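Novice: Sharing work-v5.cif below, mmCIF, C-alpha atoms:
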```cif
data_input
#
loop_
_atom_site.label_atom_id
_atom_site.label_comp_id
_atom_site.auth_asym_id
_atom_site.auth_seq_id
_atom_site.Cartn_x
_atom_site.Cartn_y
_atom_site.Cartn_z
CA MET A 1 112.06 249.48 38.36
CA SER A 2 115.59 248.54 39.30
CA ASP A 3 117.29 245.18 38.81
CA GLN A 4 117.52 244.75 42.57
CA GLU A 5 113.82 245.22 43.13
CA GLU A 6 112.15 241.99 44.16
CA THR A 7 109.22 240.86 42.23
CA PRO A 8 107.12 237.70 42.73
CA GLY A 9 108.89 236.08 39.78
CA ASN A 10 112.32 236.89 41.20
CA ARG A 11 111.37 235.49 44.55
CA LEU A 12 110.18 232.26 42.88
CA ARG A 13 113.44 231.87 40.96
CA LYS A 14 115.46 232.36 44.10
CA GLU A 15 113.48 229.79 46.01
CA LEU A 16 113.91 227.08 43.28
CA PRO A 17 117.29 225.27 43.22
CA GLU A 18 119.40 226.01 40.27
CA GLU A 19 119.77 222.29 39.26
CA LEU A 20 117.39 219.51 40.09
CA PRO A 21 118.99 216.31 41.48
CA ALA A 22 119.36 213.52 38.99
CA THR A 23 116.75 210.79 39.24
CA PRO A 24 117.85 207.17 39.61
CA ALA A 25 116.71 206.43 36.09
CA GLU A 26 119.02 209.14 34.80
CA GLU A 27 121.94 208.01 36.96
CA THR A 28 121.72 204.42 35.65
CA GLU A 29 123.13 204.19 32.22
CA THR A 30 121.81 201.55 29.81
CA PRO A 31 124.61 199.29 28.71
CA ALA A 32 125.46 200.03 25.19
CA SER A 33 125.32 197.32 22.64
CA GLU A 34 128.56 196.00 21.34
CA PRO A 35 129.56 198.14 18.44
CA GLY A 36 129.59 196.58 15.00
CA LEU A 37 127.28 193.58 15.73
CA THR A 38 124.21 192.77 13.70
CA GLY A 39 120.93 191.60 15.20
CA ARG A 40 121.60 187.95 14.19
CA GLN A 41 125.05 188.04 15.81
CA ARG A 42 123.62 189.45 19.05
CA LEU A 43 120.99 186.63 19.00
CA VAL A 44 123.69 183.98 18.56
CA ASN A 45 125.75 185.50 21.39
CA GLY A 46 122.71 185.32 23.63
CA LEU A 47 122.03 181.64 22.85
CA TRP A 48 125.61 180.29 22.89
CA PRO A 49 127.10 178.93 24.96
CA PRO A 50 123.89 177.18 26.09
CA ARG A 51 122.91 177.29 29.74
CA VAL A 52 121.70 173.72 30.39
CA THR A 53 120.31 172.73 33.78
CA ARG A 54 120.63 169.24 35.25
CA ALA A 55 116.91 168.55 34.76
CA GLN A 56 117.10 169.52 31.08
CA LEU A 57 120.11 167.23 30.61
CA ILE A 58 118.28 164.26 32.19
CA VAL A 59 115.22 164.84 29.98
CA ALA A 60 117.44 165.02 26.89
CA VAL A 61 119.13 161.70 27.77
CA LEU A 62 115.76 160.00 28.34
CA LEU A 63 114.38 161.29 25.04
CA PHE A 64 117.50 160.08 23.23
CA GLY A 65 117.17 156.60 24.77
CA LEU A 66 113.48 156.43 23.83
CA GLY A 67 114.19 157.44 20.24
CA PHE A 68 117.05 154.94 19.97
CA GLY A 69 114.81 152.12 21.24
CA LEU A 70 112.04 153.01 18.79
CA ALA A 71 114.54 153.04 15.93
CA ILE A 72 115.79 149.56 16.86
CA GLN A 73 112.21 148.25 17.13
CA VAL A 74 111.28 149.65 13.71
CA ALA A 75 114.43 148.18 12.16
CA SER A 76 113.70 144.77 13.73
CA ASN A 77 110.13 144.76 12.43
CA SER A 78 111.37 145.74 8.99
CA ASP A 79 113.88 142.86 8.94
CA SER A 80 111.30 140.30 10.06
CA ASP A 81 108.79 141.44 7.44
CA SER A 82 111.27 141.71 4.56
CA ALA A 83 110.92 138.04 3.60
CA LEU A 84 107.13 138.29 3.35
CA ARG A 85 107.24 141.58 1.40
CA GLY A 86 109.27 139.92 -1.33
CA ALA A 87 107.13 136.78 -1.46
CA ARG A 88 104.95 136.00 -4.42
CA GLN A 89 101.17 136.12 -4.20
CA GLU A 90 100.83 132.35 -4.34
CA ASP A 91 103.36 132.00 -1.49
CA LEU A 92 101.39 134.44 0.67
CA VAL A 93 98.17 132.57 -0.09
CA ARG A 94 99.85 129.31 0.91
CA ILE A 95 101.06 130.84 4.18
CA LEU A 96 97.57 132.11 4.97
CA ASP A 97 96.15 128.67 4.21
CA GLU A 98 98.70 127.15 6.57
CA LEU A 99 97.67 129.54 9.36
CA ASP A 100 94.02 128.70 8.75
CA ASP A 101 94.83 124.99 8.97
CA ARG A 102 96.66 125.50 12.27
CA THR A 103 93.71 127.47 13.64
CA GLN A 104 91.33 124.73 12.58
CA ARG A 105 93.56 122.10 14.21
CA LEU A 106 93.49 124.02 17.49
CA GLN A 107 89.72 124.33 17.27
CA ASP A 108 89.44 120.58 16.74
CA GLU A 109 91.64 119.93 19.77
CA LYS A 110 89.49 122.29 21.82
CA GLN A 111 86.32 120.49 20.77
CA GLY A 112 87.92 117.14 21.62
CA LEU A 113 88.82 118.32 25.12
CA GLU A 114 85.33 119.70 25.63
CA LYS A 115 83.89 116.36 24.52
CA GLN A 116 86.09 114.52 27.03
CA ARG A 117 84.92 116.85 29.77
CA ASP A 118 81.27 116.23 28.88
CA GLU A 119 81.81 112.48 28.82
CA LEU A 120 83.35 112.57 32.28
CA GLU A 121 80.51 114.67 33.62
CA ASN A 122 77.65 112.73 31.99
CA SER A 123 78.94 109.16 31.99
CA SER A 124 77.16 106.79 34.35
CA ASP A 125 80.39 104.94 34.93
CA GLN A 126 82.86 107.80 35.42
CA ALA A 127 85.55 105.52 36.85
CA GLU A 128 85.62 103.35 33.70
CA GLU A 129 85.64 106.39 31.46
CA ALA A 130 88.48 107.92 33.46
CA ARG A 131 90.45 104.66 33.15
CA LYS A 132 90.03 104.64 29.36
CA GLN A 133 91.14 108.23 29.10
CA THR A 134 94.12 107.52 31.34
CA VAL A 135 95.23 104.67 29.06
CA GLU A 136 94.80 106.88 26.00
CA LYS A 137 96.69 109.76 27.61
CA GLU A 138 99.50 107.36 28.57
CA ARG A 139 99.76 106.23 24.96
CA GLN A 140 99.87 109.82 23.72
CA LEU A 141 102.51 110.78 26.25
CA GLY A 142 104.51 107.68 25.27
CA ILE A 143 104.53 108.88 21.64
CA LEU A 144 105.71 112.33 22.67
CA ALA A 145 108.34 110.88 25.01
CA GLY A 146 109.53 108.43 22.33
CA THR A 147 108.95 105.33 24.48
CA VAL A 148 106.43 103.77 22.07
CA ALA A 149 106.37 103.44 18.28
CA ALA A 150 103.97 105.52 16.20
CA GLN A 151 102.54 105.54 12.72
CA GLY A 152 100.35 107.86 10.70
CA PRO A 153 100.36 110.28 7.78
CA GLY A 154 103.30 112.59 7.32
CA ILE A 155 106.34 113.35 5.23
CA THR A 156 109.84 112.08 4.57
CA MET A 157 112.53 114.74 4.09
CA THR A 158 115.95 113.74 2.79
CA ILE A 159 118.92 116.14 2.93
CA ASP A 160 121.82 115.12 0.70
CA ASP A 161 124.95 117.03 1.77
CA THR A 162 127.78 116.21 -0.61
CA LYS A 163 129.73 119.37 0.25
CA GLY A 164 129.68 118.77 4.00
CA THR A 165 128.20 122.21 4.71
CA VAL A 166 125.12 121.12 6.68
CA GLU A 167 125.80 121.52 10.39
CA ALA A 168 123.85 120.88 13.56
CA ASP A 169 122.20 124.34 13.69
CA LEU A 170 120.58 123.82 10.27
CA LEU A 171 119.15 120.45 11.29
CA LEU A 172 117.89 121.98 14.55
CA ASP A 173 116.12 124.73 12.56
CA ALA A 174 114.41 122.03 10.49
CA ILE A 175 113.24 120.19 13.63
CA GLN A 176 111.89 123.38 15.19
CA GLU A 177 110.03 124.33 12.00
CA LEU A 178 108.46 120.86 11.84
CA ARG A 179 107.38 121.08 15.48
CA ALA A 180 105.84 124.49 14.88
CA ALA A 181 103.90 123.03 11.92
CA GLY A 182 102.37 120.32 14.11
CA ALA A 183 104.78 117.39 13.89
CA GLU A 184 103.84 114.76 16.50
CA ALA A 185 106.72 112.30 16.07
CA ILE A 186 110.14 112.83 14.42
CA GLN A 187 112.96 110.41 13.70
CA VAL A 188 116.32 111.38 12.16
CA ASN A 189 118.58 108.62 10.84
CA GLY A 190 117.28 106.10 13.38
CA VAL A 191 117.34 108.49 16.37
CA ARG A 192 114.04 109.47 17.99
CA VAL A 193 113.65 113.22 18.53
CA VAL A 194 111.98 114.17 21.82
CA ALA A 195 111.45 117.36 23.82
CA GLY A 196 114.93 117.25 25.36
CA THR A 197 116.83 116.37 22.19
CA PHE A 198 120.04 118.32 21.59
CA LEU A 199 122.24 118.50 18.48
CA SER A 200 125.93 119.34 18.21
CA ASP A 201 128.71 119.23 15.64
CA SER A 202 131.10 116.30 16.05
CA ASP A 203 134.15 116.23 13.74
CA LYS A 204 132.64 115.98 10.25
CA SER A 205 129.30 114.63 11.43
CA VAL A 206 126.37 115.70 13.58
CA SER A 207 125.57 114.30 17.00
CA VAL A 208 121.92 113.86 18.05
CA ASP A 209 121.67 113.17 21.79
CA GLY A 210 125.19 111.73 21.64
CA ASN A 211 124.50 109.56 18.55
CA LYS A 212 126.58 110.46 15.49
CA ILE A 213 124.70 110.67 12.20
CA THR A 214 126.05 111.44 8.73
CA ALA A 215 124.57 112.58 5.44
CA PRO A 216 122.23 111.91 3.85
CA PHE A 217 120.01 113.05 6.71
CA ARG A 218 116.61 111.36 6.56
CA PHE A 219 113.71 112.84 8.53
CA LYS A 220 110.61 110.71 9.13
CA VAL A 221 107.85 112.95 10.43
CA ILE A 222 104.27 112.14 11.47
CA GLY A 223 101.75 114.94 11.15
CA ASN A 224 99.46 116.63 8.68
CA PRO A 225 101.35 116.62 5.34
CA GLN A 226 99.39 119.68 4.19
CA ASP A 227 100.90 121.62 7.10
CA LEU A 228 104.39 120.12 7.21
CA GLU A 229 105.48 120.47 3.59
CA PRO A 230 104.43 124.14 3.10
CA ALA A 231 106.14 125.05 6.37
CA LEU A 232 109.45 123.79 5.01
CA ASN A 233 109.04 125.56 1.64
CA ILE A 234 108.06 129.06 2.78
CA PRO A 235 110.28 131.87 1.39
CA GLY A 236 113.46 132.04 3.43
CA GLY A 237 112.55 128.79 5.19
CA VAL A 238 114.37 125.52 5.77
CA VAL A 239 114.54 124.31 2.17
CA GLN A 240 115.85 127.58 0.76
CA THR A 241 118.41 127.89 3.56
CA LEU A 242 119.73 124.37 2.94
CA GLU A 243 119.87 124.94 -0.81
CA LYS A 244 122.00 128.04 -0.22
CA GLU A 245 124.46 125.71 1.52
CA GLN A 246 124.54 123.62 -1.71
CA ALA A 247 122.54 120.78 -0.16
CA THR A 248 119.82 118.89 -2.04
CA VAL A 249 116.46 118.61 -0.26
CA THR A 250 113.55 116.34 -1.25
CA VAL A 251 110.21 116.22 0.56
CA GLU A 252 107.70 113.42 -0.04
CA ARG A 253 104.21 113.08 1.39
CA SER A 254 102.91 109.73 2.57
CA ASP A 255 99.70 108.34 4.08
CA LYS A 256 101.69 106.06 6.38
CA ILE A 257 104.93 106.98 8.12
CA ILE A 258 106.35 104.61 10.72
CA VAL A 259 108.48 106.04 13.49
CA ASP A 260 109.86 103.04 15.35
CA ALA A 261 113.03 104.37 16.99
CA LEU A 262 112.47 104.23 20.76
CA ARG A 263 113.87 105.98 23.79
CA ALA A 264 114.23 104.27 27.14
CA ALA A 265 111.91 105.61 29.80
CA LYS A 266 114.00 107.40 32.40
CA ARG A 267 112.89 107.44 36.00
CA PRO A 268 113.40 110.87 37.58
CA ASP A 269 115.85 110.93 40.46
CA TYR A 270 114.09 113.56 42.55
CA ALA A 271 110.73 114.53 41.03
CA ARG A 272 107.67 112.70 42.32
CA SER A 273 103.97 113.01 41.57
CA SER A 274 102.22 115.51 43.79
CA SER A 275 98.80 113.83 43.42
CA ARG A 276 97.48 111.82 46.38
#
```
Any chance you could give the structure as structure tokens?
Specialist:
Amino acid sequence: MSDQEETPGNRLRKELPEELPATPAEETETPASEPGLTGRQRLVNGLWPPRVTRAQLIVAVLLFGLGFGLAIQVASNSDSDSALRGARQEDLVRILDELDDRTQRLQDEKQGLEKQRDELENSSDQAEEARKQTVEKERQLGILAGTVAAQGPGITMTIDDTKGTVEADLLLDAIQELRAAGAEAIQVNGVRVVAGTFLSDSDKSVSVDGNKITAPFRFKVIGNPQDLEPALNIPGGVVQTLEKEQATVTVERSDKIIVDALRAAKRPDYARSSSR
């Protein structure tokens, strides 16, 4: 058989193309990795620089603000509790007793109001009962407003300031602490303290509602002595703060304190009763 003789195999080879066309997969070359880089370096190159969207940035800012606020709140709570953490056991017991006394006082006031309500509802002569309660309420409001004198159990606190370091803000802290402990009437060096009382520094003295007072500062306070004195002596309270300013503080309980400094009743210029 000659080389030129056609056989089925030769015919098949002639019909097939000599080279098949390259497929798209073969034409597309895979980008080669950068030479000389380790896997960790290629990971870092893929993550940096970061591609941050606007939404991701807003979420990050909000999370930062939330965390910052929580940190401030935790720090504030820690500061406010630091004084109690360092207190002795007997001081903590005394503070708890004071809170119990305040709770009991509020319960007594609630029972008194409920009794007044029942008397108004059940009294055969409601007009007379209302008149009596009106007179009593007027007397109570007069004590709070400083227009009438008052007497009762309480304490006398004397602050001797030989160094001249006690200023108006320290006296105001003492007044606020006494009010929080249930003080019903307060007098400082002959000046009646009322709801609108203001204190300010004036030269080397302190001004109470425009009246200059000088050391020693003498507080006459009507209230429950068992509530008032512990409130002044709590750790980090009024007495310790004044002693840090080199002032001498003495607190004495008494069964009868007289508060006789009066304030003139002021008629409001514009406010009128809305009752008919």
Novice: Selected by the PyMOL selection byres ((chain A and resi 156) around 8) in the shown coordinates: which residues, as JSON, numbers by chain?
Specialist: {"A": [154, 155, 157, 158, 218, 219, 220, 221, 251, 252, 253, 254, 257]}
Novice: Taking the file as shown, find all residues satisfying the PyMOL selection byres ((chain A and resi 203-214) around 12) and write them as number ranges by chain.
Specialist: A: 158-172, 175, 187-202, 215-219, 263
Novice: Go ahead and compute the interatomic distance for CA of Val238 (chain A) and CA of Ala174 (chain A), in Å to one decimal.
Specialist: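 Taking CA of Val238 (chain A) and CA of Ala174 (chain A), their separation equals 5.9 Å.
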Novice: Expressed in Å to a single decimal, how great is the separation between CA of Ser274 (chain A) and CA of Asp125 (chain A)?
Specialist: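 The value is 25.8 Å.
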Novice: Where's the centre, and what are the edge lengths in Å to one decimal, of a box along x, y and z enclosing all listed atoms of region 233-243 of chain A padded 5 Å per side, as AutoDock Vina command-line options?
Specialist:
```
--center_x 114.0 --center_y 128.2 --center_z 2.5 --size_x 21.8 --size_y 17.7 --size_z 16.6
```
Novice: Rounded to one decimal, what separation in Å do you get between CA of Asp227 (chain A) and CA of Leu106 (chain A)?
Specialist: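 Value for the CA of Asp227 (chain A)-CA of Leu106 (chain A) distance: 13.0 Å.
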Novice: From the options A:Ile258, A:Ala185, A:Thr53, A:Ala264, which residue's atoms come nearest to Gln140 (chain A), counting only C-alpha atoms?
Specialist: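 When distances to Gln140 (chain A) are compared using only C-alpha atoms, the smallest one comes from A:Ala185.
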Novice: Spell out the residues picked by the PyMOL selection byres ((chain A and resi 232-237) around 8) here, as an MDAnalysis selection string.
Specialist: chainID A and resid 83:84 87 91 95 174 177:178 228:231 238:241
